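Q: One file: target_37.tsv (TSV, C-alpha atoms).
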```tsv
chain	number	residue	atom	x	y	z
R	18	MET	CA	67.02	69.84	83.00
R	19	GLU	CA	64.01	70.10	85.27
R	20	ILE	CA	63.86	72.76	87.99
R	21	LYS	CA	61.14	73.14	90.59
R	22	VAL	CA	60.33	76.71	91.60
R	23	LYS	CA	57.92	78.32	94.02
R	24	TYR	CA	56.01	81.06	92.26
R	25	ARG	CA	53.04	83.07	93.56
R	26	GLY	CA	52.35	80.57	96.34
R	27	LYS	CA	52.41	77.49	94.04
R	28	GLU	CA	55.05	74.97	93.00
R	29	LYS	CA	55.90	74.90	89.29
R	30	THR	CA	58.24	72.69	87.29
R	31	LEU	CA	60.28	74.32	84.54
R	32	PHE	CA	62.02	72.37	81.75
R	33	PHE	CA	65.27	73.50	80.13
R	34	GLU	CA	67.12	71.96	77.20
R	35	LYS	CA	70.52	72.96	78.56
R	36	ASP	CA	72.43	71.73	81.62
R	37	LYS	CA	73.61	75.09	82.93
R	38	VAL	CA	70.64	77.19	83.96
R	39	LYS	CA	71.05	80.76	85.17
R	40	ALA	CA	68.64	82.80	87.31
R	41	SER	CA	67.93	84.93	84.21
R	42	ASP	CA	66.82	81.77	82.32
R	43	ILE	CA	64.26	81.08	85.05
R	44	LEU	CA	62.82	84.59	84.75
R	45	LYS	CA	62.72	84.21	80.97
R	46	ALA	CA	60.93	80.86	81.19
R	47	LEU	CA	58.22	82.50	83.30
R	48	GLY	CA	58.02	85.51	80.95
R	49	LEU	CA	59.28	87.92	83.61
R	50	SER	CA	61.63	90.89	83.42
R	51	SER	CA	64.40	91.49	85.95
R	52	GLU	CA	63.01	95.00	86.14
R	53	HIS	CA	60.16	93.78	88.32
R	54	ALA	CA	61.05	90.23	89.33
R	55	PHE	CA	63.86	88.35	91.06
R	56	VAL	CA	64.97	84.81	91.90
R	57	ALA	CA	65.81	83.73	95.44
R	58	LYS	CA	68.16	80.75	95.67
R	59	ASN	CA	68.37	78.97	99.03
R	60	GLY	CA	66.93	81.99	100.83
R	61	GLU	CA	69.17	84.61	99.17
R	62	ILE	CA	68.58	86.88	96.18
R	63	ALA	CA	70.46	85.45	93.19
R	64	SER	CA	72.26	87.64	90.68
R	65	GLU	CA	71.09	87.11	87.10
R	66	ASP	CA	74.09	85.02	86.07
R	67	ASP	CA	74.01	82.81	89.19
R	68	LEU	CA	73.75	79.13	88.23
R	69	ILE	CA	70.73	77.26	89.53
R	70	THR	CA	70.82	73.49	90.07
R	71	GLN	CA	68.12	70.92	90.81
R	72	GLU	CA	69.30	70.74	94.42
R	73	ASP	CA	68.65	74.45	95.06
R	74	SER	CA	65.51	75.68	96.74
R	75	VAL	CA	64.21	78.30	94.29
R	76	LYS	CA	61.60	80.98	94.76
R	77	VAL	CA	60.58	83.52	92.13
R	78	VAL	CA	59.12	86.84	93.22
R	79	ASN	CA	57.19	88.95	90.72
R	80	ALA	CA	56.68	92.38	92.24
R	81	ILE	CA	54.13	93.66	89.70
R	82	SER	CA	50.63	94.03	91.03
R	83	GLY	CA	47.58	95.86	89.84
R	84	GLY	CA	44.14	96.94	90.88
T	27	MET	CA	69.84	96.90	81.76
T	28	GLU	CA	73.02	96.95	83.77
T	29	LYS	CA	73.20	93.98	86.09
T	30	LEU	CA	74.71	93.07	89.40
T	31	LYS	CA	78.07	91.51	88.57
T	32	LYS	CA	79.11	88.36	90.41
T	33	GLY	CA	81.42	89.20	93.30
T	34	SER	CA	80.50	92.92	93.38
T	35	ARG	CA	81.07	94.67	96.68
T	36	CYS	CA	78.56	96.85	98.49
T	37	THR	CA	79.14	100.54	97.61
T	38	ILE	CA	78.71	101.66	101.24
T	39	CYS	CA	80.81	98.83	102.74
T	40	LYS	CA	83.55	99.67	100.22
T	41	ALA	CA	83.52	103.35	101.27
T	42	LYS	CA	83.90	102.22	104.91
T	43	GLY	CA	86.75	99.86	104.07
T	44	GLU	CA	84.59	96.77	104.75
T	45	LYS	CA	84.13	93.75	102.49
T	46	GLY	CA	80.32	93.30	102.30
T	47	LYS	CA	79.09	91.42	99.23
T	48	ALA	CA	76.47	93.27	97.18
T	49	VAL	CA	73.19	91.39	96.72
T	50	VAL	CA	71.11	94.20	95.21
T	51	PHE	CA	71.88	96.57	92.36
T	52	LEU	CA	69.82	99.73	91.90
T	53	PRO	CA	70.72	100.98	88.39
T	54	HIS	CA	68.77	104.25	88.66
T	55	HIS	CA	70.64	105.15	91.84
T	56	ARG	CA	73.94	103.56	90.69
T	57	LEU	CA	74.16	101.66	93.97
T	58	ALA	CA	75.21	98.08	94.71
T	59	LEU	CA	74.25	97.14	98.26
T	60	CYS	CA	74.55	94.32	100.79
T	61	LYS	CA	71.44	93.17	102.65
T	62	ASN	CA	71.95	95.38	105.73
T	63	HIS	CA	72.78	98.53	103.79
T	64	TYR	CA	69.83	97.90	101.45
T	65	ILE	CA	67.45	97.76	104.43
T	66	GLN	CA	68.99	100.98	105.82
T	67	TRP	CA	68.80	102.69	102.42
T	68	PHE	CA	65.11	101.74	102.03
T	69	GLU	CA	64.12	102.98	105.49
T	70	LYS	CA	66.04	106.26	105.07
T	71	ARG	CA	64.50	106.89	101.65
T	72	ILE	CA	61.01	106.61	103.12
T	73	GLU	CA	61.95	108.89	106.03
T	74	LYS	CA	63.29	111.43	103.54
T	75	THR	CA	60.06	111.30	101.52
T	76	ILE	CA	57.97	111.81	104.68
T	77	LYS	CA	60.03	114.91	105.49
T	78	GLU	CA	60.22	116.23	101.91
T	79	PHE	CA	56.42	116.35	101.59
T	80	ARG	CA	55.81	117.16	105.28
T	81	MET	CA	53.51	114.16	105.56
T	82	PHE	CA	53.36	113.79	109.36
T	83	SER	CA	55.43	113.91	112.51
T	84	LYS	CA	56.14	111.59	115.44
T	85	ARG	CA	53.30	113.25	117.38
T	86	ASP	CA	50.63	112.14	114.87
T	87	ARG	CA	48.53	108.99	115.13
T	88	ILE	CA	48.70	107.27	111.76
T	89	LEU	CA	46.37	104.65	110.32
T	90	VAL	CA	48.03	102.44	107.72
T	91	ALA	CA	45.69	101.03	105.06
T	92	VAL	CA	46.72	97.36	105.15
T	93	SER	CA	45.83	94.98	102.33
T	94	GLY	CA	48.12	92.06	103.21
T	95	GLY	CA	50.33	92.90	100.21
T	96	LYS	CA	54.05	93.65	100.24
T	97	ASP	CA	53.72	97.44	100.06
T	98	SER	CA	51.35	98.10	102.95
T	99	LEU	CA	53.15	95.63	105.24
T	100	ALA	CA	56.60	96.99	104.30
T	101	LEU	CA	55.33	100.53	104.94
T	102	TRP	CA	53.88	99.59	108.34
T	103	ASN	CA	57.17	97.88	109.28
T	104	VAL	CA	59.24	100.95	108.33
T	105	LEU	CA	56.96	103.38	110.18
T	106	ILE	CA	57.21	101.36	113.39
T	107	LYS	CA	60.98	100.95	113.02
T	108	ASN	CA	61.35	104.70	112.40
T	109	GLY	CA	59.46	105.45	115.64
T	110	TYR	CA	56.00	106.50	114.37
T	111	GLU	CA	52.66	105.82	116.07
T	112	ALA	CA	51.07	103.64	113.40
T	113	ASP	CA	48.22	101.12	113.59
T	114	GLY	CA	46.63	99.14	110.76
T	115	PHE	CA	43.23	99.16	109.10
T	116	TYR	CA	42.07	96.16	107.08
T	117	ILE	CA	38.88	95.91	105.03
T	118	ASP	CA	37.66	92.36	104.45
T	119	LEU	CA	36.37	92.70	100.89
T	120	GLY	CA	34.78	89.24	100.87
T	121	ILE	CA	36.70	88.07	97.78
T	122	ASP	CA	36.75	84.32	98.60
T	123	GLN	CA	40.15	82.76	99.34
T	124	TYR	CA	41.99	85.95	98.40
T	125	SER	CA	40.40	87.89	101.27
T	126	LYS	CA	40.80	84.99	103.71
T	127	ASP	CA	44.52	84.67	102.96
T	128	SER	CA	45.28	88.39	102.95
T	129	LYS	CA	43.39	88.91	106.22
T	130	GLU	CA	45.26	86.09	107.93
T	131	LEU	CA	48.63	87.48	106.78
T	132	SER	CA	47.68	90.98	107.98
T	133	VAL	CA	46.60	89.68	111.41
T	134	GLN	CA	49.80	87.61	111.71
T	135	PHE	CA	51.92	90.64	110.86
T	136	SER	CA	50.14	92.93	113.35
T	137	LYS	CA	50.82	90.36	116.09
T	138	LYS	CA	54.47	90.15	115.03
T	139	ILE	CA	55.00	93.90	115.37
T	140	GLY	CA	52.65	94.22	118.37
T	141	ARG	CA	50.35	96.91	116.93
T	142	SER	CA	46.55	97.07	116.65
T	143	LEU	CA	44.87	96.09	113.41
T	144	HIS	CA	41.32	97.43	113.05
T	145	ILE	CA	39.23	95.13	110.86
T	146	ILE	CA	35.91	95.84	109.19
T	147	SER	CA	33.97	93.60	106.84
T	148	LEU	CA	32.36	94.89	103.67
T	149	LYS	CA	29.68	92.19	104.07
T	150	ASP	CA	28.46	93.99	107.21
T	151	GLU	CA	28.67	97.47	105.64
T	152	ILE	CA	27.17	96.90	102.15
T	153	ALA	CA	27.90	93.54	100.54
T	154	PRO	CA	31.04	91.63	99.49
T	155	ILE	CA	32.82	92.87	96.33
T	156	PRO	CA	31.55	89.95	94.14
T	157	VAL	CA	27.94	90.95	95.03
T	158	ILE	CA	28.62	94.68	94.48
T	159	ASN	CA	30.25	93.81	91.17
T	160	LYS	CA	27.11	92.06	89.94
T	161	SER	CA	24.84	94.95	90.83
T	162	THR	CA	26.78	97.80	89.21
T	163	LYS	CA	28.10	98.49	85.74
T	164	LYS	CA	31.32	99.95	87.13
T	165	PRO	CA	34.52	97.87	86.89
T	166	ALA	CA	35.22	95.94	90.13
T	167	CYS	CA	38.46	97.89	90.82
T	168	SER	CA	36.65	101.22	90.61
T	169	ALA	CA	33.88	100.21	93.07
T	170	CYS	CA	36.51	98.62	95.33
T	171	GLY	CA	38.58	101.84	95.32
T	172	ALA	CA	35.50	103.92	96.20
T	173	VAL	CA	34.53	101.76	99.19
T	174	LYS	CA	38.10	101.60	100.45
T	175	ARG	CA	38.47	105.40	100.35
T	176	TYR	CA	35.09	105.91	102.03
T	177	TYR	CA	35.51	103.46	104.93
T	178	MET	CA	39.15	104.37	105.49
T	179	ASN	CA	38.16	108.00	105.89
T	180	SER	CA	35.08	107.48	108.05
T	181	TYR	CA	36.69	104.90	110.37
T	182	ALA	CA	39.93	106.89	110.73
T	183	LYS	CA	37.84	109.82	112.01
T	184	LYS	CA	35.80	107.59	114.35
T	185	LEU	CA	38.92	105.93	115.73
T	186	GLY	CA	40.74	109.26	116.28
T	187	TYR	CA	43.52	109.08	113.67
T	188	ARG	CA	44.67	112.24	111.85
T	189	ILE	CA	46.49	110.59	108.96
T	190	ILE	CA	45.85	107.73	106.55
T	191	ALA	CA	49.00	106.26	105.01
T	192	THR	CA	48.67	104.02	101.95
T	193	GLY	CA	51.25	101.75	100.33
T	194	HIS	CA	51.07	103.23	96.81
T	195	ASN	CA	54.55	102.84	95.32
T	196	LEU	CA	56.41	104.56	92.47
T	197	ASP	CA	55.16	102.04	89.89
T	198	ASP	CA	51.53	102.59	91.00
T	199	GLU	CA	51.98	106.35	90.78
T	200	VAL	CA	53.77	106.24	87.42
T	201	ALA	CA	51.14	103.89	85.91
T	202	LEU	CA	48.40	106.24	87.16
T	203	LEU	CA	50.23	109.29	85.82
T	204	PHE	CA	50.75	107.56	82.48
T	205	GLY	CA	47.04	106.65	82.23
T	206	ASN	CA	45.86	110.11	83.27
T	207	THR	CA	48.25	111.72	80.79
T	208	LEU	CA	47.14	109.45	77.93
T	209	HIS	CA	43.59	110.64	78.59
T	210	TRP	CA	44.67	114.19	79.50
T	211	ASP	CA	42.53	113.79	82.57
T	212	VAL	CA	43.52	117.10	84.11
T	213	LYS	CA	41.19	116.88	87.09
T	214	TYR	CA	42.73	113.57	88.16
T	215	LEU	CA	46.24	114.89	87.46
T	216	ARG	CA	45.55	117.72	89.86
T	217	LYS	CA	44.79	115.25	92.63
T	218	GLN	CA	47.91	113.20	91.96
T	219	TYR	CA	50.21	114.29	94.76
T	220	PRO	CA	51.86	112.32	97.62
T	221	VAL	CA	49.88	114.34	100.17
T	222	LEU	CA	46.17	115.11	100.00
T	223	LYS	CA	45.49	117.65	102.68
T	224	GLU	CA	42.62	117.38	105.14
T	225	GLU	CA	39.60	119.43	104.03
T	226	GLY	CA	35.83	119.42	104.40
T	227	GLY	CA	35.52	116.12	106.27
T	228	PHE	CA	38.31	114.32	104.40
T	229	ILE	CA	41.31	113.55	106.54
T	230	ARG	CA	44.92	113.82	105.35
T	231	LYS	CA	46.11	111.02	103.03
T	232	VAL	CA	49.76	110.32	102.35
T	233	LYS	CA	51.85	107.99	100.18
T	234	PRO	CA	55.29	107.54	101.81
T	235	LEU	CA	56.36	104.83	99.28
T	236	CYS	CA	55.86	107.10	96.26
T	237	LYS	CA	59.60	107.03	95.44
T	238	ILE	CA	60.05	103.29	96.05
T	239	THR	CA	59.67	100.86	93.13
T	240	GLU	CA	57.60	97.72	93.39
T	241	LYS	CA	60.70	95.55	93.17
T	242	GLU	CA	62.46	97.53	95.90
T	243	SER	CA	59.44	97.02	98.13
T	244	ALA	CA	59.31	93.26	97.38
T	245	MET	CA	63.04	92.93	98.15
T	246	TYR	CA	62.61	94.78	101.47
T	247	ALA	CA	59.75	92.41	102.42
T	248	PHE	CA	61.90	89.42	101.38
T	249	PHE	CA	64.94	90.52	103.42
T	250	ASN	CA	62.79	91.15	106.50
T	251	GLY	CA	60.93	87.84	106.25
T	252	ILE	CA	57.59	89.66	105.85
T	253	GLU	CA	55.00	87.17	104.64
T	254	TYR	CA	52.52	88.77	102.26
T	255	ILE	CA	49.91	87.74	99.73
T	256	GLU	CA	51.86	86.86	96.60
T	257	TYR	CA	49.06	86.16	94.17
T	258	GLU	CA	46.82	88.72	92.49
T	259	CYS	CA	43.28	89.65	93.40
T	260	PRO	CA	41.10	87.66	90.93
T	261	PHE	CA	39.28	90.88	89.95
T	262	SER	CA	42.47	92.71	88.91
T	263	GLU	CA	43.12	90.35	85.98
T	264	GLY	CA	43.57	92.39	82.81
T	265	ALA	CA	43.70	95.68	84.76
T	266	SER	CA	45.09	98.49	82.61
T	267	SER	CA	47.46	99.47	85.45
T	268	ILE	CA	49.31	96.14	85.01
T	269	GLU	CA	49.61	96.69	81.24
T	270	TYR	CA	50.95	100.19	81.80
T	271	LYS	CA	53.45	98.88	84.35
T	272	GLU	CA	54.74	96.31	81.85
T	273	ILE	CA	55.15	98.94	79.12
T	274	LEU	CA	56.90	101.33	81.51
T	275	SER	CA	59.23	98.62	82.79
T	276	LYS	CA	60.38	97.98	79.19
T	277	ILE	CA	61.31	101.66	78.86
T	278	GLU	CA	62.99	101.58	82.28
T	279	GLU	CA	65.09	98.56	81.27
T	280	LYS	CA	66.61	100.56	78.40
T	281	HIS	CA	66.73	103.89	80.21
T	282	PRO	CA	67.12	103.44	83.99
T	283	GLY	CA	65.65	106.31	85.97
T	284	THR	CA	62.86	107.17	83.49
T	285	LYS	CA	60.01	106.25	85.85
T	286	LEU	CA	61.38	108.26	88.76
T	287	GLN	CA	62.04	111.25	86.52
T	288	PHE	CA	58.61	111.09	84.86
T	289	TYR	CA	57.00	111.20	88.31
T	290	THR	CA	59.24	113.65	90.18
T	291	ASN	CA	59.38	116.11	87.27
T	292	PHE	CA	55.60	115.99	87.04
T	293	LEU	CA	55.40	116.90	90.75
T	294	LYS	CA	57.97	119.65	90.32
T	295	ASN	CA	57.11	121.16	86.93
T	296	MET	CA	53.57	120.22	85.93
T	297	HIS	CA	51.55	119.75	89.12
T	298	PRO	CA	51.94	123.38	90.33
T	299	ILE	CA	50.64	124.69	86.98
T	300	ILE	CA	47.58	122.42	86.95
T	301	LYS	CA	46.88	123.11	90.61
T	302	GLU	CA	47.04	126.86	90.17
T	303	TYR	CA	44.79	126.78	87.12
T	304	TYR	CA	42.15	124.62	88.78
T	305	GLU	CA	42.20	126.47	92.06
T	306	LYS	CA	40.05	129.09	90.30
T	307	GLU	CA	37.49	126.39	89.63
T	308	GLU	CA	37.53	124.83	93.10
T	309	THR	CA	34.91	122.11	93.38
T	310	GLN	CA	32.79	122.42	96.47
T	311	ILE	CA	32.94	119.56	98.97
T	312	LYS	CA	29.40	118.80	100.12
T	313	GLU	CA	27.90	116.47	102.71
T	314	CYS	CA	26.20	113.36	101.36
T	315	ARG	CA	22.42	113.76	101.80
T	316	ILE	CA	22.12	110.17	103.05
T	317	CYS	CA	25.14	109.44	105.27
T	318	GLY	CA	26.57	112.92	105.91
T	319	GLU	CA	30.11	111.93	104.84
T	320	PRO	CA	32.03	114.34	102.55
T	321	SER	CA	31.23	114.03	98.86
T	322	PHE	CA	31.61	115.93	95.60
T	323	ASN	CA	28.01	115.03	94.68
T	324	GLU	CA	24.65	115.28	96.46
T	325	ILE	CA	24.82	111.53	97.19
T	326	CYS	CA	28.23	109.94	97.77
T	327	ALA	CA	29.61	107.06	95.68
T	328	VAL	CA	29.13	104.50	98.47
T	329	CYS	CA	25.48	105.40	99.13
T	330	ARG	CA	24.88	105.11	95.38
T	331	LEU	CA	26.51	101.66	95.42
T	332	LYS	CA	24.33	100.68	98.42
T	333	ASN	CA	21.24	101.72	96.46
T	334	SER	CA	22.26	99.61	93.46
T	335	VAL	CA	22.87	96.55	95.66
T	336	GLU	CA	19.49	97.01	97.40
T	337	ARG	CA	17.68	97.38	94.05
T	338	GLU	CA	19.35	94.22	92.77
T	339	THR	CA	18.38	92.31	95.95
T	340	VAL	CA	14.71	93.44	95.67
T	341	GLN	CA	14.56	92.46	91.96
T	342	ASN	CA	15.86	88.98	92.70
```
Step by step, read the file and then write its structure as structure tokens.
A:
Amino acid sequence: MEIKVKYRGKEKTLFFEKDKVKASDILKALGLSSEHAFVAKNGEIASEDDLITQEDSVKVVNAISGG
Amino acid sequence: MEKLKKGSRCTICKAKGEKGKAVVFLPHHRLALCKNHYIQWFEKRIEKTIKEFRMFSKRDRILVAVSGGKDSLALWNVLIKNGYEADGFYIDLGIDQYSKDSKELSVQFSKKIGRSLHIISLKDEIAPIPVINKSTKKPACSACGAVKRYYMNSYAKKLGYRIIATGHNLDDEVALLFGNTLHWDVKYLRKQYPVLKEEGGFIRKVKPLCKITEKESAMYAFFNGIEYIEYECPFSEGASSIEYKEILSKIEEKHPGTKLQFYTNFLKNMHPIIKEYYEKEETQIKECRICGEPSFNEICAVCRLKNSVERETVQN
């Protein structure tokens, strides 16, 4: 399954081999930990086991910043 | 890490006999909260921190160091909501698109909350960061930090503010503490406190987000529709602070509360000892021979940077 996500101001397409994709799978695919990142599904923060479909508008927020 | 279970109810709503659905789980506080109670919790926690460290009062004029990032904008939002007199200060660092975008977001936000945003440009003061970076051997982040501290302090005084508030969060403070401890950099550890008192030409600096994690700050910005710069400064790539944050977040995942404890126990148990020891060896604050601003050396860091940039310009 292919899911489009907005991440750090850009659109990214993620590919999954399974049909049921959870918010935690999206974080994993981007190499992020739920300790410092979260997924927003249709404008609301998704819990880690929330299912994400191709129809959802998905944004990933990574809170870690440096400098 | 413990997670938010599907269908969980908000801890506070539940106590009030209401049915609010939890959207946030804070393992280190053992709290599951709905959107409204999360916003309230966040704003109260900052208020409590301001009072705990006696940072400032409602009579003070505060200048918030605004970068266009989530932390400084969230902080500014909370201060205004909590009834403080707070304006913004933005330094255009001249880092290509990154500076253009972060400046635009800062200006937009200041208009949204109806407060003044003072803007200065590093190009007019010395040179943009990419030019400074070429003319010194120092890492970009270190030169950038020095110019930010210098101009924040001198402009706050000129503009009549008594306090500078920065958006440093718990993760920033813990990463710094971790780095300083790895190097046993006792002189830096001594300065690591949420309040740096005014002395010898330096005005008071405070960190009201020091007990707020980066994720908590990002969630607050998200819930309040605060638009901030989401991508990293191109110069911060590979910064050791990011590596430290990733290591510490792995520990936190297994042992929730470690970061907060590491930091608060340092403030409570270790900082007083270091402070007392070093008070005997108080370093004298001088006036820079060139610009007259406070400095720990004969010539301040910014005047030294200016000299390097001028030398580089003459050579080329």
Q: Given all atoms listed in the file as the basis, pick out the residue of R:Val56, R:Val75, R:Lys29, R:Thr70 nearest to Leu44 (chain R).
A: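 Going through R:Val56, R:Val75, R:Lys29, R:Thr70 one by one, the smallest distance to Leu44 (chain R) is for R:Val56.
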Q: Leaving out region 192-208 of chain T and any residue of its chain fewer than 2 positions from it, which residues lie within 7 Å of it when counting all atoms listed in the file, given as a count of residues only?
A: 23
Q: Pull the closest atom pair for each residue of chain T that gets at most 6 Å from chain R, along with the distance in Å to one decimal, counting all atoms listed in the file, ordering rows by chain and then ascending residue number, as a tab-separated table.
A:
```
residue	atom	partner	partner_atom	distance
T:Cys167	CA	R:Gly84	CA	5.8
T:Glu240	CA	R:Ala80	CA	5.5
T:Lys241	CA	R:His53	CA	5.2
T:Ala244	CA	R:Ala80	CA	5.8
T:Glu256	CA	R:Arg25	CA	5.0
T:Tyr257	CA	R:Arg25	CA	5.1
T:Ser262	CA	R:Gly84	CA	5.0
T:Ser267	CA	R:Gly83	CA	5.7
T:Ile268	CA	R:Gly83	CA	5.1
```
Q: Would you kindly return, as a list of chain:residue names, each protein, DNA or RNA residue with an atom no farther than 7 Å from any atom of Ala327 (chain T), considering only C-alpha atoms and excluding same-chain residues fewer than 3 positions away?
A: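 In the requested format, the answer is T:Ala172, T:Arg330, T:Leu331.
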Q: Figure out the distance between CA of Ile121 (chain T) and CA of Phe228 (chain T), please, to one decimal in Å.
A: 27.1 Å
Q: With 6 Å added on each side, what axis-aligned box encloses every listed atom of region 39-47 of chain R? Give the centre and edge lengths in Å to one decimal, as AutoDock Vina command-line options.
A:
```
--center_x 64.6 --center_y 82.8 --center_z 84.1 --size_x 24.8 --size_y 16.2 --size_z 18.3
```
Q: Applying 8 Å and all atoms listed in the file, which residues near region 71-73 of chain R remain after dropping the ones on its own chain fewer than 5 positions away? List them as a ChimeraX atom specification.
A: /R:18-21,58-59
Q: Quick check, in Å to one decimal: how far apart do CA of Leu57 (chain T) and CA of Ile277 (chain T) lie?
A: 19.8 Å
Q: Could you check the closest approach to Pro156 (chain T) for each of T:Phe292, T:Phe68, T:Phe261, T:Phe115 and tell me which residue wins, using only C-alpha atoms?
A: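 Counting only C-alpha atoms, the residue closest to Pro156 (chain T) is T:Phe261.
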Q: Could you complete region 198-215 of chain T so that it carries N, CA and C atoms, and give it back as an mmCIF file, in the frame of the given file?
A:
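In the end it all went to out_1.cif:
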```cif
data_model
loop_
_atom_site.group_PDB
_atom_site.id
_atom_site.type_symbol
_atom_site.label_atom_id
_atom_site.label_comp_id
_atom_site.auth_asym_id
_atom_site.auth_seq_id
_atom_site.Cartn_x
_atom_site.Cartn_y
_atom_site.Cartn_z
ATOM 1 N N ASP T 198 52.977 102.277 90.983
ATOM 2 C CA ASP T 198 51.530 102.590 91.000
ATOM 3 C C ASP T 198 51.322 104.022 90.538
ATOM 4 N N GLU T 199 52.141 104.922 91.078
ATOM 5 C CA GLU T 199 51.980 106.350 90.780
ATOM 6 C C GLU T 199 52.311 106.649 89.316
ATOM 7 N N VAL T 200 53.370 105.996 88.809
ATOM 8 C CA VAL T 200 53.770 106.240 87.420
ATOM 9 C C VAL T 200 52.725 105.670 86.446
ATOM 10 N N ALA T 201 52.167 104.481 86.772
ATOM 11 C CA ALA T 201 51.140 103.890 85.910
ATOM 12 C C ALA T 201 49.899 104.795 85.889
ATOM 13 N N LEU T 202 49.556 105.342 87.054
ATOM 14 C CA LEU T 202 48.400 106.240 87.160
ATOM 15 C C LEU T 202 48.651 107.527 86.365
ATOM 16 N N LEU T 203 49.856 108.064 86.528
ATOM 17 C CA LEU T 203 50.230 109.290 85.820
ATOM 18 C C LEU T 203 50.200 109.075 84.313
ATOM 19 N N PHE T 204 50.714 107.919 83.897
ATOM 20 C CA PHE T 204 50.750 107.560 82.480
ATOM 21 C C PHE T 204 49.319 107.481 81.926
ATOM 22 N N GLY T 205 48.438 106.788 82.655
ATOM 23 C CA GLY T 205 47.040 106.650 82.230
ATOM 24 C C GLY T 205 46.339 107.994 82.188
ATOM 25 N N ASN T 206 46.515 108.796 83.224
ATOM 26 C CA ASN T 206 45.860 110.110 83.270
ATOM 27 C C ASN T 206 46.388 111.035 82.179
ATOM 28 N N THR T 207 47.668 110.881 81.836
ATOM 29 C CA THR T 207 48.250 111.720 80.790
ATOM 30 C C THR T 207 47.752 111.272 79.412
ATOM 31 N N LEU T 208 47.655 109.942 79.215
ATOM 32 C CA LEU T 208 47.140 109.450 77.930
ATOM 33 C C LEU T 208 45.744 109.992 77.659
ATOM 34 N N HIS T 209 44.957 110.128 78.741
ATOM 35 C CA HIS T 209 43.590 110.640 78.590
ATOM 36 C C HIS T 209 43.510 112.155 78.819
ATOM 37 N N TRP T 210 44.629 112.772 79.097
ATOM 38 C CA TRP T 210 44.670 114.190 79.500
ATOM 39 C C TRP T 210 43.568 114.494 80.510
ATOM 40 N N ASP T 211 43.546 113.644 81.540
ATOM 41 C CA ASP T 211 42.530 113.790 82.570
ATOM 42 C C ASP T 211 43.024 114.772 83.625
ATOM 43 N N VAL T 212 42.875 116.055 83.310
ATOM 44 C CA VAL T 212 43.520 117.100 84.110
ATOM 45 C C VAL T 212 43.008 117.137 85.552
ATOM 46 N N LYS T 213 41.717 116.827 85.730
ATOM 47 C CA LYS T 213 41.190 116.880 87.090
ATOM 48 C C LYS T 213 41.776 115.793 87.980
ATOM 49 N N TYR T 214 42.060 114.628 87.387
ATOM 50 C CA TYR T 214 42.730 113.570 88.160
ATOM 51 C C TYR T 214 44.199 113.913 88.376
ATOM 52 N N LEU T 215 44.824 114.517 87.344
ATOM 53 C CA LEU T 215 46.240 114.890 87.460
ATOM 54 C C LEU T 215 46.435 115.875 88.617
#
```
